[in-house]
$ cat work.cif   # mmCIF, C-alpha atoms
data_work
loop_
_atom_site.label_atom_id
_atom_site.label_comp_id
_atom_site.auth_asym_id
_atom_site.auth_seq_id
_atom_site.Cartn_x
_atom_site.Cartn_y
_atom_site.Cartn_z
CA MET A 1 54.84 111.40 -87.06
CA SER A 2 57.98 109.29 -87.05
CA LYS A 3 59.99 109.01 -83.87
CA GLU A 4 63.18 108.69 -85.89
CA LEU A 5 63.57 112.28 -87.13
CA LYS A 6 66.40 113.29 -84.81
CA ASN A 7 67.78 112.15 -81.52
CA THR A 8 66.50 115.18 -79.63
CA ASN A 9 64.49 114.90 -76.44
CA PRO A 10 61.09 116.60 -76.13
CA LYS A 11 61.24 120.11 -74.67
CA THR A 12 58.74 122.33 -72.91
CA LEU A 13 58.22 126.09 -73.03
CA THR A 14 56.45 127.19 -69.87
CA PHE A 15 54.38 130.28 -69.11
CA GLY A 16 52.61 131.24 -65.90
CA CYS A 17 52.48 129.77 -62.43
CA ARG A 18 54.58 127.42 -60.31
CA LEU A 19 52.08 124.65 -60.94
CA ASN A 20 52.81 124.95 -64.66
CA ILE A 21 56.54 124.67 -63.91
CA PHE A 22 55.92 121.43 -62.04
CA GLU A 23 53.59 120.08 -64.72
CA SER A 24 56.08 120.88 -67.48
CA GLN A 25 58.55 118.57 -65.79
CA VAL A 26 55.89 115.83 -65.70
CA ILE A 27 55.13 116.47 -69.38
CA GLU A 28 58.79 116.19 -70.39
CA GLU A 29 59.18 112.90 -68.53
CA LYS A 30 56.02 111.41 -70.09
CA ALA A 31 56.91 112.55 -73.60
CA LYS A 32 60.45 111.23 -73.24
CA ALA A 33 59.16 107.88 -71.90
CA ALA A 34 56.96 107.63 -75.01
CA GLY A 35 60.08 107.95 -77.18
CA LEU A 36 59.07 111.25 -78.75
CA THR A 37 61.62 113.51 -80.43
CA ASP A 38 61.70 116.89 -82.14
CA ILE A 39 58.65 118.12 -80.24
CA LEU A 40 58.16 121.36 -78.29
CA ILE A 41 55.26 121.31 -75.85
CA VAL A 42 54.11 124.81 -74.93
CA ASN A 43 52.47 124.95 -71.49
CA SER A 44 50.36 128.13 -71.66
CA CYS A 45 48.87 130.58 -69.16
CA ALA A 46 45.44 132.21 -69.38
CA VAL A 47 45.46 134.52 -66.36
CA THR A 48 45.52 137.68 -68.52
CA ASN A 49 45.23 138.62 -72.19
CA GLU A 50 48.90 139.56 -72.04
CA ALA A 51 49.79 136.04 -70.91
CA VAL A 52 47.98 134.62 -73.95
CA ARG A 53 49.74 137.13 -76.23
CA GLN A 54 53.14 136.14 -74.82
CA THR A 55 52.34 132.46 -75.37
CA ARG A 56 51.51 133.09 -79.03
CA GLN A 57 54.65 135.18 -79.42
CA GLY A 58 56.74 132.40 -77.87
CA ILE A 59 55.28 129.85 -80.29
CA ARG A 60 56.16 131.95 -83.33
CA LYS A 61 59.70 132.52 -82.07
CA ALA A 62 60.22 128.82 -81.36
CA LYS A 63 59.08 127.87 -84.86
CA ARG A 64 61.42 130.42 -86.44
CA GLU A 65 64.35 129.03 -84.47
CA LYS A 66 63.55 125.36 -85.26
CA PRO A 67 61.24 125.20 -88.29
CA LYS A 68 61.15 121.38 -88.47
CA GLN A 69 60.06 120.68 -84.89
CA LYS A 70 56.44 119.87 -84.12
CA ILE A 71 54.67 122.20 -81.67
CA ILE A 72 51.97 121.08 -79.24
CA VAL A 73 50.13 123.68 -77.16
CA THR A 74 48.55 122.84 -73.83
CA GLY A 75 47.84 124.56 -70.49
CA CYS A 76 45.11 126.92 -69.35
CA ALA A 77 45.01 129.11 -72.47
CA ALA A 78 44.80 126.00 -74.67
CA GLN A 79 41.96 124.69 -72.51
CA THR A 80 39.94 127.92 -72.61
CA GLN A 81 40.90 129.28 -76.06
CA ALA A 82 41.85 126.20 -78.07
CA GLN A 83 40.75 127.58 -81.43
CA ILE A 84 43.10 130.56 -81.48
CA PHE A 85 46.07 128.21 -81.15
CA ALA A 86 44.67 125.66 -83.61
CA ASP A 87 44.40 128.51 -86.14
CA MET A 88 48.14 129.21 -85.87
CA ALA A 89 50.14 127.69 -88.74
CA GLU A 90 53.02 127.02 -86.35
CA VAL A 91 50.90 124.74 -84.13
CA ASP A 92 50.46 121.04 -84.92
CA LEU A 93 48.20 120.02 -82.02
CA VAL A 94 46.27 121.53 -79.10
CA ILE A 95 45.67 119.35 -76.04
CA GLY A 96 43.78 120.10 -72.83
CA ASN A 97 44.94 120.47 -69.25
CA ALA A 98 43.79 116.95 -68.36
CA GLU A 99 45.24 115.34 -71.49
CA LYS A 100 48.68 116.88 -70.97
CA LEU A 101 49.30 114.72 -67.88
CA GLN A 102 48.13 111.40 -69.33
CA ASP A 103 50.61 108.78 -70.55
CA GLU A 104 48.42 107.74 -73.48
CA THR A 105 48.43 111.26 -74.90
CA TYR A 106 52.13 110.97 -75.70
CA GLN A 107 52.06 107.27 -76.54
CA ASN A 108 49.48 107.97 -79.27
CA LEU A 109 51.02 111.11 -80.74
CA ASN A 110 52.38 109.21 -83.75
CA PHE A 111 48.84 109.15 -85.01
CA GLY A 112 47.02 112.00 -83.31
CA ILE A 113 49.44 114.72 -84.34
CA GLU A 114 48.62 114.16 -88.01
CA LEU A 115 44.82 114.42 -87.61
CA ASP A 116 42.99 117.18 -89.44
CA ASN A 117 41.33 118.07 -86.13
CA LYS A 118 44.13 119.77 -84.26
CA ILE A 119 42.09 120.23 -81.09
CA GLN A 120 42.06 117.42 -78.52
CA VAL A 121 40.56 119.19 -75.51
CA ASN A 122 37.96 117.52 -73.30
CA ASP A 123 35.60 118.90 -70.66
CA ILE A 124 37.85 119.84 -67.73
CA MET A 125 34.80 120.11 -65.45
CA SER A 126 34.33 116.35 -65.65
CA ILE A 127 37.70 115.67 -63.99
CA LYS A 128 37.18 114.58 -60.37
CA GLU A 129 40.61 113.44 -59.19
CA THR A 130 44.18 114.69 -59.17
CA ALA A 131 46.58 111.80 -59.68
CA PRO A 132 49.92 112.11 -57.90
CA HIS A 133 52.58 112.74 -60.53
CA LEU A 134 55.86 111.52 -59.11
CA ILE A 135 59.02 113.07 -60.50
CA LYS A 136 62.64 112.58 -59.54
CA GLY A 137 63.36 116.30 -59.38
CA MET A 138 63.17 119.62 -61.16
CA VAL A 139 65.70 120.03 -63.94
CA GLY A 140 67.56 123.31 -63.52
CA HIS A 141 66.11 124.12 -60.12
CA SER A 142 67.58 123.83 -56.63
CA ARG A 143 64.12 123.57 -55.09
CA ALA A 144 61.31 121.25 -56.15
CA PHE A 145 57.63 122.03 -56.60
CA VAL A 146 55.11 119.42 -55.49
CA GLN A 147 51.52 119.54 -56.69
CA ILE A 148 49.11 118.96 -53.82
CA GLN A 149 45.93 120.26 -55.45
CA ASN A 150 44.47 121.35 -58.78
CA GLY A 151 41.39 123.28 -59.90
CA CYS A 152 39.17 125.75 -58.08
CA ASP A 153 35.56 125.70 -56.86
CA HIS A 154 35.33 129.47 -56.37
CA ARG A 155 34.10 131.82 -59.04
CA CYS A 156 35.82 135.17 -58.64
CA THR A 157 34.23 137.44 -61.23
CA PHE A 158 37.54 138.31 -62.94
CA CYS A 159 39.04 134.83 -63.14
CA ILE A 160 39.10 132.41 -66.08
CA ILE A 161 41.29 129.82 -64.35
CA PRO A 162 38.50 127.55 -62.98
CA TYR A 163 37.42 127.00 -66.59
CA GLY A 164 40.98 126.05 -67.49
CA ARG A 165 41.68 123.88 -64.46
CA GLY A 166 38.32 122.40 -63.52
CA PRO A 167 36.95 121.66 -60.02
CA SER A 168 39.14 121.59 -56.92
CA ARG A 169 40.69 118.19 -56.30
CA SER A 170 43.45 117.15 -53.93
CA THR A 171 46.35 114.71 -54.05
CA PRO A 172 46.13 112.22 -51.16
CA MET A 173 48.38 113.05 -48.20
CA GLY A 174 50.31 109.78 -48.40
CA ALA A 175 51.20 110.36 -52.05
CA VAL A 176 52.44 113.88 -51.27
CA VAL A 177 54.62 112.63 -48.41
CA GLU A 178 56.09 109.85 -50.57
CA GLN A 179 56.84 112.31 -53.37
CA ILE A 180 58.71 114.59 -50.98
CA LYS A 181 60.66 111.68 -49.48
CA LYS A 182 61.86 110.77 -52.98
CA LEU A 183 62.87 114.37 -53.72
CA VAL A 184 64.84 114.65 -50.47
CA ASP A 185 66.53 111.33 -51.22
CA ASN A 186 67.53 112.82 -54.60
CA GLY A 187 69.26 115.71 -52.85
CA PHE A 188 66.64 118.45 -52.81
CA LYS A 189 66.75 120.63 -49.72
CA GLU A 190 63.65 122.73 -50.31
CA VAL A 191 60.14 121.79 -51.44
CA VAL A 192 57.37 124.19 -52.46
CA LEU A 193 53.76 123.04 -52.13
CA THR A 194 51.83 124.25 -55.13
CA GLY A 195 48.38 124.14 -56.70
CA VAL A 196 45.64 126.43 -57.95
CA ASP A 197 43.89 126.98 -54.59
CA ILE A 198 45.98 125.10 -52.04
CA THR A 199 44.14 126.39 -48.98
CA SER A 200 41.13 124.40 -50.19
CA TYR A 201 43.28 121.28 -49.90
CA GLY A 202 41.56 118.15 -48.61
CA HIS A 203 37.89 119.11 -48.90
CA ASP A 204 37.37 116.30 -51.41
CA LEU A 205 39.41 113.64 -49.58
CA PRO A 206 38.27 111.14 -46.92
CA LYS A 207 38.23 112.69 -43.42
CA ASN A 208 38.72 116.15 -45.03
CA PRO A 209 42.35 116.84 -44.15
CA SER A 210 43.45 120.48 -44.34
CA LEU A 211 46.50 122.28 -45.69
CA GLY A 212 47.77 122.72 -42.15
CA LYS A 213 47.37 119.01 -41.40
CA LEU A 214 49.26 118.20 -44.60
CA VAL A 215 52.11 120.54 -43.65
CA GLN A 216 52.34 118.93 -40.21
CA ALA A 217 52.34 115.44 -41.75
CA ILE A 218 55.12 116.33 -44.18
CA LEU A 219 57.37 117.78 -41.51
CA SER A 220 56.61 114.89 -39.16
CA HIS A 221 57.24 112.10 -41.68
CA VAL A 222 60.07 113.67 -43.72
CA THR A 223 62.38 114.61 -40.89
CA ASN A 224 65.37 115.13 -43.20
CA LEU A 225 63.61 117.82 -45.29
CA PRO A 226 65.42 121.06 -44.39
CA ARG A 227 62.99 123.60 -45.87
CA LEU A 228 59.30 123.60 -46.80
CA ARG A 229 57.52 126.48 -48.54
CA ILE A 230 53.90 127.23 -49.27
CA SER A 231 52.95 128.99 -52.49
CA SER A 232 50.08 131.49 -52.83
CA ILE A 233 47.29 131.04 -50.27
CA ASP A 234 43.79 132.35 -49.72
CA SER A 235 44.17 133.55 -46.14
CA ILE A 236 40.46 133.36 -45.32
CA GLU A 237 40.72 129.53 -45.60
CA ALA A 238 43.75 129.16 -43.33
CA ASP A 239 43.10 126.53 -40.65
CA GLU A 240 44.32 126.30 -37.06
CA ALA A 241 46.74 123.50 -37.90
CA LEU A 242 48.45 125.85 -40.37
CA PHE A 243 48.75 128.55 -37.72
CA ASP A 244 50.22 125.94 -35.34
CA ALA A 245 52.77 124.90 -37.97
CA ILE A 246 53.74 128.51 -38.66
CA ALA A 247 54.30 129.07 -34.94
CA SER A 248 56.22 125.89 -34.15
CA GLU A 249 57.92 124.56 -37.31
CA LYS A 250 61.13 126.41 -38.14
CA ARG A 251 61.52 124.28 -41.28
CA LEU A 252 58.38 125.94 -42.64
CA MET A 253 59.84 129.00 -44.32
CA PRO A 254 58.75 132.46 -43.07
CA HIS A 255 57.30 133.72 -46.37
CA LEU A 256 53.65 133.67 -47.44
CA HIS A 257 52.12 135.01 -50.65
CA LEU A 258 48.53 136.20 -50.26
CA SER A 259 45.81 136.11 -52.88
CA LEU A 260 44.76 139.63 -51.89
CA GLN A 261 43.59 141.18 -55.23
CA SER A 262 42.39 144.49 -53.73
CA GLY A 263 42.46 146.55 -50.55
CA ASP A 264 38.97 147.98 -51.01
CA ASP A 265 35.89 146.27 -49.59
CA MET A 266 33.52 147.23 -52.38
CA ILE A 267 35.90 146.01 -55.07
CA LEU A 268 36.48 142.79 -53.15
CA LYS A 269 32.72 142.22 -53.05
CA ARG A 270 32.42 142.91 -56.78
CA MET A 271 35.28 140.48 -57.37
CA LYS A 272 33.28 137.95 -55.34
CA ARG A 273 36.21 137.43 -53.02
CA ARG A 274 35.44 135.85 -49.65
CA HIS A 275 37.53 138.20 -47.55
CA LEU A 276 37.42 141.91 -46.75
CA ARG A 277 40.28 144.32 -46.14
CA GLN A 278 40.26 143.84 -42.36
CA ASP A 279 40.33 140.06 -42.72
CA SER A 280 43.68 140.34 -44.51
CA LEU A 281 45.09 142.77 -41.98
CA ASP A 282 43.96 140.53 -39.11
CA PHE A 283 45.57 137.51 -40.75
CA VAL A 284 48.89 139.32 -41.22
CA ALA A 285 48.85 140.55 -37.61
CA LYS A 286 48.08 137.08 -36.25
CA VAL A 287 50.78 135.36 -38.29
CA LYS A 288 53.38 137.98 -37.37
CA SER A 289 52.55 137.49 -33.70
CA LEU A 290 53.24 133.77 -34.18
CA ARG A 291 56.33 134.19 -36.39
CA PRO A 292 57.86 137.68 -36.12
CA ASP A 293 60.42 137.04 -38.89
CA ILE A 294 57.77 136.23 -41.52
CA VAL A 295 57.38 138.35 -44.67
CA PHE A 296 54.43 138.62 -47.03
CA GLY A 297 53.81 139.01 -50.72
CA ALA A 298 50.49 139.56 -52.48
CA ASP A 299 48.68 139.67 -55.81
CA ILE A 300 46.88 142.96 -56.49
CA ILE A 301 44.77 143.87 -59.52
CA ALA A 302 44.84 147.49 -60.69
CA GLY A 303 41.82 149.05 -62.40
CA PHE A 304 39.11 146.50 -61.74
CA PRO A 305 35.80 147.72 -63.26
CA THR A 306 34.16 150.53 -61.18
CA GLU A 307 37.40 151.17 -59.23
CA THR A 308 37.45 154.85 -58.23
CA GLU A 309 40.53 156.78 -57.15
CA GLU A 310 39.46 156.38 -53.52
CA MET A 311 39.09 152.61 -53.97
CA PHE A 312 42.49 152.47 -55.63
CA GLU A 313 44.04 154.39 -52.72
CA ASN A 314 42.77 151.64 -50.41
CA SER A 315 44.77 149.10 -52.42
CA LEU A 316 47.78 151.39 -52.28
CA SER A 317 47.55 151.91 -48.52
CA ILE A 318 47.17 148.24 -47.60
CA ILE A 319 50.63 147.55 -49.02
CA GLU A 320 52.26 149.54 -46.23
CA GLN A 321 49.66 148.72 -43.61
CA ALA A 322 50.17 144.98 -44.11
CA ASP A 323 53.91 145.51 -44.70
CA LEU A 324 53.91 143.61 -47.99
CA SER A 325 57.35 143.04 -49.49
CA TYR A 326 56.79 141.01 -52.67
CA LEU A 327 54.07 142.24 -55.00
CA HIS A 328 52.64 140.76 -58.18
CA ILE A 329 50.71 143.59 -59.84
CA PHE A 330 48.29 142.92 -62.69
CA PRO A 331 46.39 145.59 -64.62
CA TYR A 332 42.83 144.22 -64.84
CA SER A 333 42.37 142.10 -67.96
CA ALA A 334 38.82 141.46 -69.18
CA ARG A 335 38.58 137.73 -69.83
CA LYS A 336 35.77 136.67 -72.14
CA GLY A 337 33.24 134.49 -70.32
CA THR A 338 33.80 136.06 -66.89
CA PRO A 339 31.16 138.23 -65.13
CA ALA A 340 33.58 141.13 -64.61
CA ALA A 341 34.04 141.50 -68.36
CA LYS A 342 30.35 142.43 -68.61
CA ILE A 343 30.43 145.18 -65.97
CA PRO A 344 29.56 148.45 -67.77
CA ASN A 345 32.04 150.72 -66.00
CA GLN A 346 35.35 149.38 -67.39
CA ILE A 347 38.45 151.42 -66.55
CA ILE A 348 40.34 152.77 -69.55
CA LYS A 349 43.72 151.24 -70.32
CA SER A 350 45.80 154.35 -69.55
CA ILE A 351 44.35 154.63 -66.03
CA LYS A 352 44.86 150.93 -65.35
CA LYS A 353 48.46 151.31 -66.46
CA GLN A 354 49.00 154.39 -64.25
CA ARG A 355 47.58 152.65 -61.21
CA ALA A 356 49.63 149.51 -61.83
CA THR A 357 52.75 151.68 -62.07
CA LYS A 358 52.01 153.34 -58.72
CA LEU A 359 51.45 149.98 -57.06
CA ARG A 360 54.70 148.63 -58.49
CA GLN A 361 56.66 151.71 -57.40
CA LEU A 362 55.43 151.34 -53.82
CA GLY A 363 56.14 147.62 -54.04
CA GLU A 364 59.72 148.34 -55.06
CA GLU A 365 60.11 150.67 -52.07
CA GLN A 366 58.76 147.99 -49.74
CA TYR A 367 61.07 145.37 -51.24
CA LYS A 368 64.08 147.65 -50.87
CA LYS A 369 63.11 148.28 -47.25
CA LEU A 370 63.11 144.51 -46.67
CA LEU A 371 66.56 144.13 -48.20
CA ILE A 372 68.04 146.96 -46.18
CA SER A 373 66.57 145.51 -42.98
CA ARG A 374 68.61 142.32 -43.50
CA ILE A 375 72.03 144.06 -43.57
CA GLY A 376 74.17 142.86 -40.67
CA LYS A 377 72.11 139.73 -40.05
CA LEU A 378 73.20 136.11 -40.27
CA GLU A 379 71.04 134.20 -42.74
CA ASN A 380 70.66 130.56 -43.70
CA ILE A 381 71.00 130.56 -47.48
CA LEU A 382 70.04 127.82 -49.90
CA VAL A 383 72.48 128.29 -52.79
CA GLU A 384 70.68 127.91 -56.12
CA ARG A 385 73.26 128.35 -58.86
CA GLN A 386 76.60 129.77 -59.89
CA ILE A 387 76.50 133.20 -61.58
CA ASP A 388 80.16 133.52 -62.58
CA GLU A 389 83.51 132.01 -61.64
CA GLN A 390 83.31 132.89 -57.93
CA THR A 391 79.79 134.26 -57.42
CA TYR A 392 76.75 132.22 -56.40
CA LEU A 393 73.08 133.10 -56.05
CA GLY A 394 70.99 131.85 -53.15
CA ARG A 395 67.81 132.65 -51.20
CA THR A 396 67.20 133.58 -47.60
CA GLU A 397 64.47 131.85 -45.62
CA GLN A 398 62.30 134.89 -46.47
CA PHE A 399 63.08 134.26 -50.18
CA ALA A 400 65.28 137.31 -50.72
CA PRO A 401 68.06 136.71 -53.30
CA VAL A 402 71.67 136.82 -52.06
CA GLU A 403 74.90 137.02 -54.04
CA ILE A 404 77.77 135.21 -52.32
CA ILE A 405 81.47 135.18 -53.23
CA SER A 406 83.08 131.77 -52.76
CA LYS A 407 86.20 130.11 -54.17
CA ASN A 408 84.69 126.70 -53.41
CA ASP A 409 81.63 125.18 -55.09
CA ILE A 410 78.69 125.81 -52.75
CA SER A 411 75.87 124.99 -55.19
CA ASP A 412 72.80 123.30 -53.67
CA LYS A 413 74.08 123.73 -50.12
CA ILE A 414 72.53 125.52 -47.16
CA ILE A 415 75.16 127.79 -45.66
CA LYS A 416 75.40 130.49 -43.02
CA VAL A 417 75.95 133.93 -44.56
CA GLU A 418 76.43 137.39 -43.10
CA ILE A 419 74.53 140.03 -45.10
CA THR A 420 76.87 142.93 -45.78
CA ASP A 421 75.15 145.10 -48.40
CA VAL A 422 72.47 145.50 -51.07
CA ASN A 423 73.20 145.41 -54.80
CA GLY A 424 70.13 146.44 -56.80
CA LYS A 425 67.48 143.78 -56.14
CA SER A 426 69.84 141.37 -54.38
CA LEU A 427 71.54 141.15 -51.02
CA ILE A 428 75.31 140.76 -50.80
CA GLY A 429 76.53 138.10 -48.40
CA LYS A 430 79.77 136.86 -46.91
CA LYS A 431 80.02 133.12 -46.24
CA MET A 432 80.93 132.39 -42.63
CA GLU A 433 84.23 130.55 -42.37
CA ASN A 434 82.89 127.60 -40.37
CA SER A 435 79.79 127.22 -42.51
CA SER A 436 79.55 123.90 -44.40
#

$ encode --input "work.cif" --output "structure tokens"
Amino acid sequence: MSKELKNTNPKTLTFGCRLNIFESQVIEEKAKAAGLTDILIVNSCAVTNEAVRQTRQGIRKAKREKPKQKIIVTGCAAQTQAQIFADMAEVDLVIGNAEKLQDETYQNLNFGIELDNKIQVNDIMSIKETAPHLIKGMVGHSRAFVQIQNGCDHRCTFCIIPYGRGPSRSTPMGAVVEQIKKLVDNGFKEVVLTGVDITSYGHDLPKNPSLGKLVQAILSHVTNLPRLRISSIDSIEADEALFDAIASEKRLMPHLHLSLQSGDDMILKRMKRRHLRQDSLDFVAKVKSLRPDIVFGADIIAGFPTETEEMFENSLSIIEQADLSYLHIFPYSARKGTPAAKIPNQIIKSIKKQRATKLRQLGEEQYKKLLISRIGKLENILVERQIDEQTYLGRTEQFAPVEIISKNDISDKIIKVEITDVNGKSLIGKKMENSS
């Protein structure tokens, strides 16, 4: 394909997790460096059948809007279901999760994109290292995501992601610290550590550093980083250094998202999770004793095979018992090639949908309770973007959105705000006069 079609930079269309968001930025930079134009690179998600459907829908829409652009599909769905994308007339090439982050992939696209074989996906299980991908920042974001780990060595019975991401592998601590230093130098005030299974961080590195040790190293060596966040964690793997950081480091934000999946012990065992209900409750209690202002989110699957009403009620009740405020609810999706898809007692779609609705409704009540509890408090807000002429959107340390009225430009600043009210799913805040 000629590079001279139009002077338009390569674009990405991203589905799924925070790691995909980070990787899409890497992809754009590599494709641009290779001089590519008129290309859309779709970074797909495979976590559910619905995610795959949305990816296909997004591809068709993109082709309708720009019929002459070439479309490359990559990501977890491309890795695990390459043929369904190769069969789409709109798609010119399918590349794997390893290939999407390699310079030579984009340098050679002049030739590869025209091959009859549209699939260029290698064995992800053969990948043993995660190279540090250094980027200057995240376009269109006030915070930056930094990849510290990729892949997963666990085999939860419902999950296809290990087959899309490969084995767990960690980015060396020094490379992570250097990446964050560069981002802070470029003006970023908040960094989010991301990966597929970040609490397994360091098991494959010399001296086996842990996630907690990495957090301590970042905050020790990047003293001008105002805010550090951790993305979804598997609480059963939390190490003592992480607990120490939670207790002592105010720059580590008081918000953790738990890979919970269920509140019922039998379902957790059938999922092949490594924790039980009480383990999660004990973790929440311990962390709250160390950091009383912390809030929790969680992933919960509704309608896993064999889930009875009593088992479902256990998932419902743990939301309040653990005081969860941010919920990601997924109706169970049978993924071909996973053990759970072969369990005889599959729950019918209507029941899965009903249960997911109940979980979401309770989640909305919990979230509203969190917002109301912040009224009257002074919060440190990282301002993300301008909504209209005098209204800005920011986030509290607990990640709650806040709308702030200001005549002056306060974008990308951390300011002191008094919370005065709640408007739908956002807080309303008043900027303190002496706040910078």

$ resolve_selection --input "work.cif" --expression "the PyMOL selection byres ((chain A and resi 155) around 12)" --output "ChimeraX atom specification"
/A:151-154,156-163,166-168,197,270-274,337-340

$ resolve_selection --input "work.cif" --expression "the PyMOL selection byres ((chain A and resi 14) around 10)" --output "PyMOL selection string"
chain A and resi 11-13+15-18+20-25+41-45+55+58+74-75

$ atom_distance --input "work.cif" --atom1 "CA of Lys349 in chain A" --atom2 "CA of Ser333 in chain A"
9.5 Å

$ residues_near_point --input "work.cif" --point "(61.2, 128.8, -82.1)" --cutoff "12 Å" --atoms "all atoms listed in the file" --output "list in words"
Lys11, Thr12, Leu13, Asp38, Ile39, Leu40, Ile41, Val42, Thr55, Arg56, Gln57, Gly58, Ile59, Arg60, Lys61, Ala62, Lys63, Arg64, Glu65, Lys66, Pro67, Lys68, Gln69, Lys70, Ile71, Glu90 and Val91 of chain A

$ write_last_selection --input "work.cif" --atoms "C-alpha atoms" --output "mmCIF file, in the frame of the given file"
data_model
loop_
_atom_site.group_PDB
_atom_site.id
_atom_site.type_symbol
_atom_site.label_atom_id
_atom_site.label_comp_id
_atom_site.auth_asym_id
_atom_site.auth_seq_id
_atom_site.Cartn_x
_atom_site.Cartn_y
_atom_site.Cartn_z
ATOM 1 C CA LYS A 11 61.240 120.110 -74.670
ATOM 2 C CA THR A 12 58.740 122.330 -72.910
ATOM 3 C CA LEU A 13 58.220 126.090 -73.030
ATOM 4 C CA ASP A 38 61.700 116.890 -82.140
ATOM 5 C CA ILE A 39 58.650 118.120 -80.240
ATOM 6 C CA LEU A 40 58.160 121.360 -78.290
ATOM 7 C CA ILE A 41 55.260 121.310 -75.850
ATOM 8 C CA VAL A 42 54.110 124.810 -74.930
ATOM 9 C CA THR A 55 52.340 132.460 -75.370
ATOM 10 C CA ARG A 56 51.510 133.090 -79.030
ATOM 11 C CA GLN A 57 54.650 135.180 -79.420
ATOM 12 C CA GLY A 58 56.740 132.400 -77.870
ATOM 13 C CA ILE A 59 55.280 129.850 -80.290
ATOM 14 C CA ARG A 60 56.160 131.950 -83.330
ATOM 15 C CA LYS A 61 59.700 132.520 -82.070
ATOM 16 C CA ALA A 62 60.220 128.820 -81.360
ATOM 17 C CA LYS A 63 59.080 127.870 -84.860
ATOM 18 C CA ARG A 64 61.420 130.420 -86.440
ATOM 19 C CA GLU A 65 64.350 129.030 -84.470
ATOM 20 C CA LYS A 66 63.550 125.360 -85.260
ATOM 21 C CA PRO A 67 61.240 125.200 -88.290
ATOM 22 C CA LYS A 68 61.150 121.380 -88.470
ATOM 23 C CA GLN A 69 60.060 120.680 -84.890
ATOM 24 C CA LYS A 70 56.440 119.870 -84.120
ATOM 25 C CA ILE A 71 54.670 122.200 -81.670
ATOM 26 C CA GLU A 90 53.020 127.020 -86.350
ATOM 27 C CA VAL A 91 50.900 124.740 -84.130
#

$ closest_residue --input "work.cif" --among "A:Gln261, A:Ser350, A:Ser248, A:Thr357" --to "Leu219 in chain A" --atoms "only C-alpha atoms"
A:Ser248

$ resolve_selection --input "work.cif" --expression "the PyMOL selection byres ((chain A and resi 106) around 9)" --output "PyMOL selection string"
chain A and resi 27+30-36+100+102-105+107-110

$ residues_around --input "work.cif" --residues "Gln81 in chain A" --least-positions-apart "4" --cutoff "10 Å" --atoms "all atoms listed in the file" --output "ChimeraX atom specification"
/A:46,52,76-77,85-86,94,164,336

$ atom_distance --input "work.cif" --atom1 "CA of Ser220 in chain A" --atom2 "CA of Ala241 in chain A"
13.2 Å

$ residues_around --input "work.cif" --residues "Ile329 in chain A" --least-positions-apart "4" --cutoff "12 Å" --atoms "only C-alpha atoms" --output "count of residues only"
29
